[in-house]
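K.L.:
Hey, dropping target.txt in here, compact mmCIF, C-alpha atoms:
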# COMPACT_ATOMS: atom_id res chain seq x y z
CA ASN A 987 -12.58 -6.34 15.71
CA ALA A 988 -9.42 -4.22 16.03
CA GLY A 989 -8.19 -4.86 12.45
CA VAL A 990 -4.45 -4.31 12.03
CA THR A 991 -2.61 -2.89 15.02
CA GLN A 992 0.96 -1.65 15.20
CA THR A 993 3.16 -0.79 18.15
CA PRO A 994 4.81 1.48 18.97
CA LYS A 995 3.37 4.55 17.22
CA PHE A 996 6.64 6.46 17.54
CA GLN A 997 10.21 5.36 18.24
CA VAL A 998 13.61 7.06 18.34
CA LEU A 999 16.72 4.88 18.09
CA LYS A 1000 20.42 5.50 18.05
CA THR A 1001 22.52 4.11 15.22
CA GLY A 1002 23.38 0.48 15.91
CA GLN A 1003 20.48 -0.22 18.26
CA SER A 1004 18.07 -3.02 17.54
CA MET A 1005 14.32 -3.10 17.92
CA THR A 1006 11.20 -4.95 16.86
CA LEU A 1007 8.15 -3.32 15.32
CA GLN A 1008 5.04 -5.24 16.26
CA CYS A 1009 2.13 -5.97 13.94
CA ALA A 1010 -0.97 -7.98 14.75
CA GLN A 1011 -4.27 -8.63 13.01
CA ASP A 1012 -7.43 -10.29 14.30
CA MET A 1013 -9.06 -11.03 10.93
CA ASN A 1014 -7.46 -14.46 10.44
CA HIS A 1015 -5.70 -13.19 7.30
CA GLU A 1016 -3.01 -15.36 5.74
CA TYR A 1017 -1.23 -12.59 3.81
CA MET A 1018 0.70 -9.99 5.78
CA SER A 1019 3.25 -7.45 4.65
CA TRP A 1020 5.52 -4.66 5.76
CA TYR A 1021 6.07 -1.42 3.84
CA ARG A 1022 8.17 1.64 4.49
CA GLN A 1023 7.24 5.13 3.36
CA ASP A 1024 9.80 7.90 3.11
CA PRO A 1025 8.85 11.59 2.89
CA GLY A 1026 7.18 12.41 -0.41
CA MET A 1027 7.48 8.82 -1.56
CA GLY A 1028 5.15 5.94 -2.09
CA LEU A 1029 5.24 2.75 -0.08
CA ARG A 1030 7.97 0.20 -0.72
CA LEU A 1031 7.54 -3.46 0.19
CA ILE A 1032 10.07 -4.80 2.71
CA HIS A 1033 8.91 -8.35 3.47
CA TYR A 1034 5.72 -10.31 3.17
CA SER A 1035 4.24 -13.60 4.34
CA VAL A 1036 1.58 -15.87 2.86
CA GLY A 1037 1.05 -17.83 6.06
CA ALA A 1038 2.58 -18.97 9.33
CA GLY A 1039 6.13 -20.15 8.77
CA ILE A 1040 6.38 -18.64 5.28
CA THR A 1041 8.08 -15.33 4.56
CA ASP A 1042 9.71 -13.75 1.53
CA GLN A 1043 11.59 -10.62 0.57
CA GLY A 1044 10.10 -7.60 -1.07
CA GLU A 1045 11.70 -4.68 -2.88
CA VAL A 1046 13.85 -3.34 0.01
CA PRO A 1047 14.61 -6.18 2.49
CA ASN A 1048 18.18 -5.30 3.48
CA GLY A 1049 18.59 -4.49 7.17
CA TYR A 1050 15.28 -6.08 8.18
CA ASN A 1051 14.28 -9.53 9.40
CA VAL A 1052 10.83 -11.03 9.78
CA SER A 1053 9.27 -14.20 11.09
CA ARG A 1054 5.72 -15.50 11.16
CA SER A 1055 5.15 -17.99 13.95
CA THR A 1056 1.40 -17.39 14.17
CA THR A 1057 -1.30 -16.24 11.75
CA GLU A 1058 -1.95 -13.16 13.87
CA ASP A 1059 1.53 -11.69 14.33
CA PHE A 1060 4.17 -10.49 11.88
CA PRO A 1061 6.99 -8.63 13.68
CA LEU A 1062 9.66 -6.65 11.81
CA ARG A 1063 13.15 -6.62 13.33
CA LEU A 1064 15.87 -4.07 12.78
CA LEU A 1065 19.11 -5.74 13.86
CA SER A 1066 21.36 -2.67 13.73
CA ALA A 1067 19.50 0.52 13.01
CA ALA A 1068 20.92 3.02 10.52
CA PRO A 1069 19.82 6.61 9.76
CA SER A 1070 18.70 5.40 6.32
CA GLN A 1071 15.99 3.39 8.07
CA THR A 1072 14.31 6.54 9.35
CA SER A 1073 10.84 6.18 7.88
CA VAL A 1074 7.19 5.44 8.54
CA TYR A 1075 6.48 1.73 8.61
CA PHE A 1076 3.11 0.25 7.69
CA CYS A 1077 1.93 -3.28 8.22
CA ALA A 1078 -0.92 -4.71 6.14
CA SER A 1079 -2.93 -7.89 5.86
CA SER A 1080 -5.22 -9.49 3.31
CA SER A 1081 -7.59 -12.44 3.29
CA ASP A 1082 -6.21 -13.50 -0.09
CA ILE A 1083 -2.80 -15.21 0.08
CA THR A 1084 -1.76 -13.49 -3.12
CA GLY A 1085 -2.46 -10.13 -1.50
CA VAL A 1086 -4.51 -9.11 -4.53
CA ASP A 1087 -7.67 -8.59 -2.57
CA GLU A 1088 -8.07 -5.57 -0.34
CA GLN A 1089 -5.13 -5.03 1.98
CA PHE A 1090 -5.95 -3.57 5.38
CA PHE A 1091 -3.27 -1.24 6.69
CA GLY A 1092 -2.30 -0.44 10.25
CA PRO A 1093 -1.84 3.13 11.53
CA GLY A 1094 1.93 3.06 11.06
CA THR A 1095 5.05 3.38 13.21
CA ARG A 1096 7.13 6.52 12.81
CA LEU A 1097 10.80 5.58 13.36
CA THR A 1098 13.68 8.01 13.67
CA VAL A 1099 17.27 6.76 13.76
CA LEU A 1100 19.82 9.28 15.01
CA LEU B 599 7.57 -5.92 -10.19
CA ALA B 600 4.91 -4.42 -12.39
CA LYS B 601 5.70 -0.72 -12.24
CA THR B 602 3.13 2.00 -12.65
CA THR B 603 3.25 5.62 -13.75
CA GLN B 604 0.81 8.28 -12.56
CA PRO B 605 0.70 12.07 -12.67
CA ILE B 606 2.42 13.52 -9.62
CA SER B 607 -0.36 15.92 -8.73
CA MET B 608 -3.78 17.18 -9.79
CA ASP B 609 -6.09 19.99 -8.70
CA SER B 610 -9.86 19.99 -8.98
CA TYR B 611 -12.75 22.14 -7.82
CA GLU B 612 -15.38 20.79 -5.50
CA GLY B 613 -18.24 19.06 -7.27
CA GLN B 614 -16.26 18.16 -10.37
CA GLU B 615 -15.50 14.69 -11.65
CA VAL B 616 -11.83 13.73 -11.37
CA ASN B 617 -10.12 11.17 -13.57
CA ILE B 618 -6.67 9.85 -12.61
CA THR B 619 -4.92 7.70 -15.18
CA CYS B 620 -2.29 5.09 -14.42
CA SER B 621 0.05 3.50 -16.94
CA HIS B 622 1.16 -0.11 -16.43
CA ASN B 623 2.68 -1.31 -19.69
CA ASN B 624 4.15 -4.54 -18.32
CA ILE B 625 1.03 -5.84 -16.61
CA ALA B 626 0.90 -9.62 -16.54
CA THR B 627 -2.01 -11.80 -17.56
CA ASN B 628 -3.12 -12.66 -14.02
CA ASP B 629 -2.48 -9.24 -12.48
CA TYR B 630 -5.25 -7.16 -11.00
CA ILE B 631 -5.37 -3.37 -10.83
CA THR B 632 -6.09 -1.88 -7.44
CA TRP B 633 -6.41 1.72 -6.27
CA TYR B 634 -5.75 2.98 -2.77
CA GLN B 635 -6.28 6.34 -1.07
CA GLN B 636 -3.97 7.72 1.60
CA PHE B 637 -4.52 10.66 3.92
CA PRO B 638 -1.59 12.26 5.77
CA SER B 639 -0.34 10.22 8.74
CA GLN B 640 -2.61 7.29 7.90
CA GLY B 641 -2.18 3.96 6.17
CA PRO B 642 -3.58 3.54 2.65
CA ARG B 643 -7.22 2.57 2.27
CA PHE B 644 -8.65 0.37 -0.49
CA ILE B 645 -10.87 2.14 -3.02
CA ILE B 646 -11.55 -0.19 -5.92
CA GLN B 647 -10.15 -3.12 -7.87
CA GLY B 648 -10.64 -4.50 -11.35
CA TYR B 649 -9.29 -6.87 -13.98
CA LYS B 650 -10.86 -5.57 -17.20
CA THR B 651 -13.59 -3.28 -18.58
CA LYS B 652 -15.40 -1.23 -15.96
CA VAL B 653 -15.96 -1.62 -12.25
CA THR B 654 -18.11 0.68 -10.12
CA ASN B 655 -18.71 0.87 -6.40
CA GLU B 656 -20.26 3.44 -4.09
CA VAL B 657 -17.25 5.77 -4.18
CA ALA B 658 -15.53 5.37 -7.55
CA SER B 659 -15.38 3.81 -10.99
CA LEU B 660 -12.45 2.07 -12.60
CA PHE B 661 -12.08 1.96 -16.36
CA ILE B 662 -9.68 -0.56 -17.93
CA PRO B 663 -9.21 -0.76 -21.72
CA ALA B 664 -8.94 -4.05 -23.54
CA ASP B 665 -5.13 -4.07 -23.63
CA ARG B 666 -5.02 -3.41 -19.86
CA LYS B 667 -1.88 -1.27 -20.21
CA SER B 668 -3.55 1.61 -18.42
CA SER B 669 -6.46 2.28 -16.11
CA THR B 670 -8.44 5.32 -15.02
CA LEU B 671 -9.86 5.97 -11.58
CA SER B 672 -12.92 8.20 -11.73
CA LEU B 673 -14.14 10.06 -8.66
CA PRO B 674 -17.58 11.64 -9.19
CA ARG B 675 -18.32 15.05 -7.67
CA VAL B 676 -15.27 15.36 -5.43
CA SER B 677 -15.41 17.14 -2.09
CA LEU B 678 -12.70 18.68 0.09
CA SER B 679 -12.44 15.40 2.00
CA ASP B 680 -11.22 13.68 -1.18
CA THR B 681 -7.93 15.60 -0.95
CA ALA B 682 -5.43 12.76 -0.59
CA VAL B 683 -2.78 10.74 -2.42
CA TYR B 684 -4.10 8.06 -4.76
CA TYR B 685 -2.03 5.00 -5.63
CA CYS B 686 -2.45 2.59 -8.49
CA LEU B 687 -1.15 -0.93 -7.87
CA VAL B 688 -0.69 -3.81 -10.24
CA GLY B 689 0.15 -7.25 -8.97
CA GLY B 690 -0.81 -10.78 -8.15
CA PRO B 691 0.56 -14.29 -8.40
CA ASN B 692 2.68 -13.47 -11.47
CA THR B 693 4.52 -10.72 -9.60
CA GLY B 694 5.39 -13.00 -6.71
CA ASN B 695 2.58 -11.58 -4.59
CA GLN B 696 4.39 -8.26 -4.49
CA PHE B 697 2.95 -4.85 -5.23
CA TYR B 698 4.53 -1.63 -6.39
CA PHE B 699 2.94 1.51 -4.97
CA GLY B 700 4.90 4.14 -6.84
CA THR B 701 4.71 7.79 -5.77
CA GLY B 702 0.99 8.15 -6.35
CA THR B 703 -1.05 11.16 -7.43
CA SER B 704 -1.60 13.95 -4.94
CA LEU B 705 -5.13 15.27 -5.50
CA THR B 706 -6.04 18.67 -4.08
CA VAL B 707 -9.70 19.63 -4.09
CA ILE B 708 -10.23 23.39 -4.15
CA PRO B 709 -13.34 25.03 -2.66
Is it possible to give me this structure as structure tokens?
P.N.:
Amino acid sequence: NAGVTQTPKFQVLKTGQSMTLQCAQDMNHEYMSWYRQDPGMGLRLIHYSVGAGITDQGEVPNGYNVSRSTTEDFPLRLLSAAPSQTSVYFCASSSDITGVDEQFFGPGTRLTVL
Amino acid sequence: LAKTTQPISMDSYEGQEVNITCSHNNIATNDYITWYQQFPSQGPRFIIQGYKTKVTNEVASLFIPADRKSSTLSLPRVSLSDTAVYYCLVGGPNTGNQFYFGTGTSLTVIP
């Protein structure tokens, strides 16, 4: 049972490039979410999903797209990277569709946009 | 979103009990209160969750007064390995399944 996995661990982009951060979980969880964490800050919710085919925006969705075609995967896409998107990105999942129950977090992806 | 307020940092000596209080004045009726712990370069890890009164597990206790506008995480006999950032979250169906982490409380345990 791998839990929540994220790839890549580190990534450097140039302004304007696009990329997809991968997130997968093998716990059959319906609720999945993406957070970003800036230095010295708490986590801020970007997007979340309560099941395959269902996504919604969080606190800071601008500049990011998501889709949920399967229960297991919840990729986060940056269409045109900006320096302001330099951050550590965490993916999480929960067995409860409200996300209230314990959320399991991945190890994070550290993204730098030059 | 149900916002929370916590002290920015706290220091404690090894072996002492640590209490971290979180304020959440606009908590909704169906919201739960959840605490997470985060070590540097790692994702947060669930500690404890409650709705009202007191909850205890093998690592912590959570005290919630009747009005639920605040909560207190209690860590008994802390050790150096408890040095971390602790986040209080409030959320659930009434907050659109969204959760506000805030800046958390940075706990430093001193030998």
K.L.:
Give as a list in words each residue that has an atom at most 12 Å from (-10.3, -9.5, -16.3) in the file, counting all atoms listed in the file.
P.N.:
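In the file's frame, the residues around the point are Ile625, Ala626, Thr627, Asn628, Asp629, Tyr630, Ile631, Gln647, Gly648, Tyr649, Lys650, Thr651, Lys652, Val653, Phe661, Ile662, Pro663, Ala664, Asp665 and Arg666 of chain B.
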K.L.:
Pull C-alpha atoms from the residues just selected and write them as a PDB file, in the coordinates of the input.
P.N.:
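The resulting out-v7.pdb:
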ATOM      1  CA  ILE B 625       1.030  -5.840 -16.610  1.00  0.00           C
ATOM      2  CA  ALA B 626       0.900  -9.620 -16.540  1.00  0.00           C
ATOM      3  CA  THR B 627      -2.010 -11.800 -17.560  1.00  0.00           C
ATOM      4  CA  ASN B 628      -3.120 -12.660 -14.020  1.00  0.00           C
ATOM      5  CA  ASP B 629      -2.480  -9.240 -12.480  1.00  0.00           C
ATOM      6  CA  TYR B 630      -5.250  -7.160 -11.000  1.00  0.00           C
ATOM      7  CA  ILE B 631      -5.370  -3.370 -10.830  1.00  0.00           C
ATOM      8  CA  GLN B 647     -10.150  -3.120  -7.870  1.00  0.00           C
ATOM      9  CA  GLY B 648     -10.640  -4.500 -11.350  1.00  0.00           C
ATOM     10  CA  TYR B 649      -9.290  -6.870 -13.980  1.00  0.00           C
ATOM     11  CA  LYS B 650     -10.860  -5.570 -17.200  1.00  0.00           C
ATOM     12  CA  THR B 651     -13.590  -3.280 -18.580  1.00  0.00           C
ATOM     13  CA  LYS B 652     -15.400  -1.230 -15.960  1.00  0.00           C
ATOM     14  CA  VAL B 653     -15.960  -1.620 -12.250  1.00  0.00           C
ATOM     15  CA  PHE B 661     -12.080   1.960 -16.360  1.00  0.00           C
ATOM     16  CA  ILE B 662      -9.680  -0.560 -17.930  1.00  0.00           C
ATOM     17  CA  PRO B 663      -9.210  -0.760 -21.720  1.00  0.00           C
ATOM     18  CA  ALA B 664      -8.940  -4.050 -23.540  1.00  0.00           C
ATOM     19  CA  ASP B 665      -5.130  -4.070 -23.630  1.00  0.00           C
ATOM     20  CA  ARG B 666      -5.020  -3.410 -19.860  1.00  0.00           C
TER      21      ARG B 666
END
K.L.:
To one decimal place, how far is atom CA of A:Gly1028 from atom CA of B:Thr703 in Å?
P.N.:
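Value for the atom CA of A:Gly1028-atom CA of B:Thr703 distance: 9.7 Å.
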K.L.:
For A:Asn1014, find every residue with an atom within 12 Å (counting only C-alpha atoms), except residues of its own chain fewer than 2 positions away, and show them as a PyMOL selection string.
P.N.:
chain A and resi 987-990+1010-1012+1016-1018+1036-1038+1056-1059+1079-1083
K.L.:
Contacts between chain B and chain A, please, where a residue of chain A counts if it comes within 10 Å (with only C-alpha atoms); show its shortest atom pair and distance in Å to one decimal, rows by chain and ascending number, as JSON lines.
P.N.:
{"residue": "A:Tyr1017", "atom": "CA", "partner": "B:Asn695", "partner_atom": "CA", "distance": 9.3}
{"residue": "A:Ser1019", "atom": "CA", "partner": "B:Gln696", "partner_atom": "CA", "distance": 9.2}
{"residue": "A:Tyr1021", "atom": "CA", "partner": "B:Phe699", "partner_atom": "CA", "distance": 9.8}
{"residue": "A:Gln1023", "atom": "CA", "partner": "B:Thr701", "partner_atom": "CA", "distance": 9.8}
{"residue": "A:Gly1026", "atom": "CA", "partner": "B:Thr701", "partner_atom": "CA", "distance": 7.5}
{"residue": "A:Met1027", "atom": "CA", "partner": "B:Thr701", "partner_atom": "CA", "distance": 5.1}
{"residue": "A:Gly1028", "atom": "CA", "partner": "B:Thr701", "partner_atom": "CA", "distance": 4.1}
{"residue": "A:Leu1029", "atom": "CA", "partner": "B:Phe699", "partner_atom": "CA", "distance": 5.5}
{"residue": "A:Arg1030", "atom": "CA", "partner": "B:Phe699", "partner_atom": "CA", "distance": 6.7}
{"residue": "A:Leu1031", "atom": "CA", "partner": "B:Phe697", "partner_atom": "CA", "distance": 7.2}
{"residue": "A:Ile1032", "atom": "CA", "partner": "B:Gln696", "partner_atom": "CA", "distance": 9.8}
{"residue": "A:His1033", "atom": "CA", "partner": "B:Gln696", "partner_atom": "CA", "distance": 9.2}
{"residue": "A:Tyr1034", "atom": "CA", "partner": "B:Gln696", "partner_atom": "CA", "distance": 8.0}
{"residue": "A:Ser1035", "atom": "CA", "partner": "B:Asn695", "partner_atom": "CA", "distance": 9.3}
{"residue": "A:Val1036", "atom": "CA", "partner": "B:Asn695", "partner_atom": "CA", "distance": 8.7}
{"residue": "A:Asp1042", "atom": "CA", "partner": "B:Gly694", "partner_atom": "CA", "distance": 9.3}
{"residue": "A:Gln1043", "atom": "CA", "partner": "B:Gln696", "partner_atom": "CA", "distance": 9.1}
{"residue": "A:Gly1044", "atom": "CA", "partner": "B:Gln696", "partner_atom": "CA", "distance": 6.7}
{"residue": "A:Glu1045", "atom": "CA", "partner": "B:Gln696", "partner_atom": "CA", "distance": 8.3}
{"residue": "A:Val1074", "atom": "CA", "partner": "B:Ser639", "partner_atom": "CA", "distance": 8.9}
{"residue": "A:Tyr1075", "atom": "CA", "partner": "B:Gly641", "partner_atom": "CA", "distance": 9.3}
{"residue": "A:Phe1076", "atom": "CA", "partner": "B:Gly641", "partner_atom": "CA", "distance": 6.6}
{"residue": "A:Cys1077", "atom": "CA", "partner": "B:Gly641", "partner_atom": "CA", "distance": 8.6}
{"residue": "A:Ala1078", "atom": "CA", "partner": "B:Gly641", "partner_atom": "CA", "distance": 8.8}
{"residue": "A:Ile1083", "atom": "CA", "partner": "B:Asn695", "partner_atom": "CA", "distance": 8.0}
{"residue": "A:Thr1084", "atom": "CA", "partner": "B:Asn695", "partner_atom": "CA", "distance": 5.0}
{"residue": "A:Gly1085", "atom": "CA", "partner": "B:Asn695", "partner_atom": "CA", "distance": 6.1}
{"residue": "A:Val1086", "atom": "CA", "partner": "B:Gly690", "partner_atom": "CA", "distance": 5.4}
{"residue": "A:Asp1087", "atom": "CA", "partner": "B:Gln647", "partner_atom": "CA", "distance": 8.0}
{"residue": "A:Glu1088", "atom": "CA", "partner": "B:Phe644", "partner_atom": "CA", "distance": 6.0}
{"residue": "A:Gln1089", "atom": "CA", "partner": "B:Phe644", "partner_atom": "CA", "distance": 6.9}
{"residue": "A:Phe1090", "atom": "CA", "partner": "B:Arg643", "partner_atom": "CA", "distance": 7.0}
{"residue": "A:Phe1091", "atom": "CA", "partner": "B:Gly641", "partner_atom": "CA", "distance": 5.3}
{"residue": "A:Gly1092", "atom": "CA", "partner": "B:Gly641", "partner_atom": "CA", "distance": 6.0}
{"residue": "A:Pro1093", "atom": "CA", "partner": "B:Gly641", "partner_atom": "CA", "distance": 5.4}
{"residue": "A:Gly1094", "atom": "CA", "partner": "B:Gly641", "partner_atom": "CA", "distance": 6.5}
{"residue": "A:Thr1095", "atom": "CA", "partner": "B:Ser639", "partner_atom": "CA", "distance": 9.8}
{"residue": "A:Arg1096", "atom": "CA", "partner": "B:Ser639", "partner_atom": "CA", "distance": 9.3}
K.L.:
Suppose you want the space between atom CA of A:Lys995 and atom CA of A:Ser1055; what is it in Å?
P.N.:
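So the answer is 22.8 Å.
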K.L.:
Quick one: everything within 12 Å of A:Lys1000, counting all atoms listed in the file, minus sequence neighbours fewer than 5 positions away in the same chain. Send it as a list of chain:residue names.
P.N.:
A:Met1005, A:Leu1064, A:Ser1066, A:Ala1067, A:Ala1068, A:Pro1069, A:Ser1070, A:Gln1071, A:Thr1072, A:Leu1097, A:Thr1098, A:Val1099, A:Leu1100
K.L.:
Stretch 674-680 of chain B, all listed atoms, 5 Å padding on each side: what axis-aligned box centre and edge lengths in Å to one decimal come out, as JSON?
P.N.:
{"center_x": -14.8, "center_y": 15.2, "center_z": -3.6, "size_x": 17.1, "size_y": 17.0, "size_z": 21.2}
K.L.:
I'd like the interatomic distance between atom CA of A:Asn1048 and atom CA of A:Cys1009, to a tenth of an Å.
P.N.:
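The value is 19.2 Å.
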K.L.:
Compare B:Pro638, B:Asn655, B:Leu660, B:Asp680 by their minimum atom-to-atom distance to B:Glu612, counting all atoms listed in the file, and give me the closest one.
P.N.:
B:Asp680
K.L.:
Looking at all atoms listed in the file, which of B:Thr706, B:Thr681, B:Ser607, B:Asn624 is the one that sits closest to B:Phe637?
P.N.:
B:Thr681
K.L.:
Do a neighbour search on A:Gln1008 at 6 Å with all atoms listed in the file, toss out local chain neighbours closer than 3 positions, and write the hits as a list of chain:residue names.
P.N.:
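Listed by chain and then number, they are A:Gln992, A:Thr993, A:Pro1061.
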K.L.:
Please determine, counting all atoms listed in the file, which residue among B:Ser621, B:Gln635, B:Ser610, B:Gln604 has the shortest atom-to-atom distance to B:Ser669.
P.N.:
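For B:Ser669, the nearest of the given residues is B:Ser621.
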K.L.:
Please, could N, CA and C atoms be added to stretch 1042-1066 of chain A and the result written as a PDB file, in the coordinates of the input?
P.N.:
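Okay, this is what ended up in out-v6.pdb:
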ATOM      1  N   ASP A1042       8.915 -14.005   2.730  1.00  0.00           N
ATOM      2  CA  ASP A1042       9.710 -13.750   1.530  1.00  0.00           C
ATOM      3  C   ASP A1042      10.071 -12.282   1.479  1.00  0.00           C
ATOM      4  N   GLN A1043      11.087 -11.986   0.660  1.00  0.00           N
ATOM      5  CA  GLN A1043      11.590 -10.620   0.570  1.00  0.00           C
ATOM      6  C   GLN A1043      10.797  -9.807  -0.431  1.00  0.00           C
ATOM      7  N   GLY A1044      10.706  -8.527  -0.137  1.00  0.00           N
ATOM      8  CA  GLY A1044      10.100  -7.600  -1.070  1.00  0.00           C
ATOM      9  C   GLY A1044      11.151  -6.799  -1.796  1.00  0.00           C
ATOM     10  N   GLU A1045      10.830  -5.539  -2.076  1.00  0.00           N
ATOM     11  CA  GLU A1045      11.700  -4.680  -2.880  1.00  0.00           C
ATOM     12  C   GLU A1045      12.921  -4.196  -2.092  1.00  0.00           C
ATOM     13  N   VAL A1046      12.761  -3.928  -0.790  1.00  0.00           N
ATOM     14  CA  VAL A1046      13.850  -3.340   0.010  1.00  0.00           C
ATOM     15  C   VAL A1046      14.056  -4.108   1.313  1.00  0.00           C
ATOM     16  N   PRO A1047      14.524  -5.361   1.277  1.00  0.00           N
ATOM     17  CA  PRO A1047      14.610  -6.180   2.490  1.00  0.00           C
ATOM     18  C   PRO A1047      15.862  -5.989   3.340  1.00  0.00           C
ATOM     19  N   ASN A1048      16.899  -5.360   2.770  1.00  0.00           N
ATOM     20  CA  ASN A1048      18.180  -5.300   3.480  1.00  0.00           C
ATOM     21  C   ASN A1048      18.062  -4.526   4.781  1.00  0.00           C
ATOM     22  N   GLY A1049      18.597  -5.126   5.857  1.00  0.00           N
ATOM     23  CA  GLY A1049      18.590  -4.490   7.170  1.00  0.00           C
ATOM     24  C   GLY A1049      17.386  -4.868   8.011  1.00  0.00           C
ATOM     25  N   TYR A1050      16.503  -5.684   7.471  1.00  0.00           N
ATOM     26  CA  TYR A1050      15.280  -6.080   8.180  1.00  0.00           C
ATOM     27  C   TYR A1050      15.136  -7.603   8.182  1.00  0.00           C
ATOM     28  N   ASN A1051      14.625  -8.112   9.307  1.00  0.00           N
ATOM     29  CA  ASN A1051      14.280  -9.530   9.400  1.00  0.00           C
ATOM     30  C   ASN A1051      12.826  -9.669   9.815  1.00  0.00           C
ATOM     31  N   VAL A1052      12.198 -10.743   9.374  1.00  0.00           N
ATOM     32  CA  VAL A1052      10.830 -11.030   9.780  1.00  0.00           C
ATOM     33  C   VAL A1052      10.701 -12.505  10.112  1.00  0.00           C
ATOM     34  N   SER A1053       9.657 -12.821  10.832  1.00  0.00           N
ATOM     35  CA  SER A1053       9.270 -14.200  11.090  1.00  0.00           C
ATOM     36  C   SER A1053       7.764 -14.229  11.242  1.00  0.00           C
ATOM     37  N   ARG A1054       7.181 -15.383  11.047  1.00  0.00           N
ATOM     38  CA  ARG A1054       5.720 -15.500  11.160  1.00  0.00           C
ATOM     39  C   ARG A1054       5.422 -16.833  11.866  1.00  0.00           C
ATOM     40  N   SER A1055       5.404 -16.772  13.174  1.00  0.00           N
ATOM     41  CA  SER A1055       5.150 -17.990  13.950  1.00  0.00           C
ATOM     42  C   SER A1055       3.668 -18.251  14.157  1.00  0.00           C
ATOM     43  N   THR A1056       2.850 -17.229  14.050  1.00  0.00           N
ATOM     44  CA  THR A1056       1.400 -17.390  14.170  1.00  0.00           C
ATOM     45  C   THR A1056       0.721 -16.650  13.024  1.00  0.00           C
ATOM     46  N   THR A1057      -0.539 -16.956  12.782  1.00  0.00           N
ATOM     47  CA  THR A1057      -1.300 -16.240  11.750  1.00  0.00           C
ATOM     48  C   THR A1057      -1.469 -14.776  12.120  1.00  0.00           C
ATOM     49  N   GLU A1058      -1.598 -14.502  13.423  1.00  0.00           N
ATOM     50  CA  GLU A1058      -1.950 -13.160  13.870  1.00  0.00           C
ATOM     51  C   GLU A1058      -0.802 -12.155  13.842  1.00  0.00           C
ATOM     52  N   ASP A1059       0.419 -12.614  14.088  1.00  0.00           N
ATOM     53  CA  ASP A1059       1.530 -11.690  14.330  1.00  0.00           C
ATOM     54  C   ASP A1059       2.587 -11.737  13.239  1.00  0.00           C
ATOM     55  N   PHE A1060       3.137 -10.569  12.927  1.00  0.00           N
ATOM     56  CA  PHE A1060       4.170 -10.490  11.880  1.00  0.00           C
ATOM     57  C   PHE A1060       5.150  -9.386  12.287  1.00  0.00           C
ATOM     58  N   PRO A1061       6.062  -9.660  13.214  1.00  0.00           N
ATOM     59  CA  PRO A1061       6.990  -8.630  13.680  1.00  0.00           C
ATOM     60  C   PRO A1061       8.108  -8.344  12.675  1.00  0.00           C
ATOM     61  N   LEU A1062       8.561  -7.094  12.680  1.00  0.00           N
ATOM     62  CA  LEU A1062       9.660  -6.650  11.810  1.00  0.00           C
ATOM     63  C   LEU A1062      10.829  -6.267  12.713  1.00  0.00           C
ATOM     64  N   ARG A1063      11.974  -6.880  12.488  1.00  0.00           N
ATOM     65  CA  ARG A1063      13.150  -6.620  13.330  1.00  0.00           C
ATOM     66  C   ARG A1063      14.206  -5.842  12.587  1.00  0.00           C
ATOM     67  N   LEU A1064      14.705  -4.802  13.260  1.00  0.00           N
ATOM     68  CA  LEU A1064      15.870  -4.070  12.780  1.00  0.00           C
ATOM     69  C   LEU A1064      17.037  -4.516  13.656  1.00  0.00           C
ATOM     70  N   LEU A1065      18.019  -5.160  13.066  1.00  0.00           N
ATOM     71  CA  LEU A1065      19.110  -5.740  13.860  1.00  0.00           C
ATOM     72  C   LEU A1065      20.110  -4.689  14.300  1.00  0.00           C
ATOM     73  N   SER A1066      20.405  -3.727  13.424  1.00  0.00           N
ATOM     74  CA  SER A1066      21.360  -2.670  13.730  1.00  0.00           C
ATOM     75  C   SER A1066      20.901  -1.426  12.974  1.00  0.00           C
TER      76      SER A1066
END
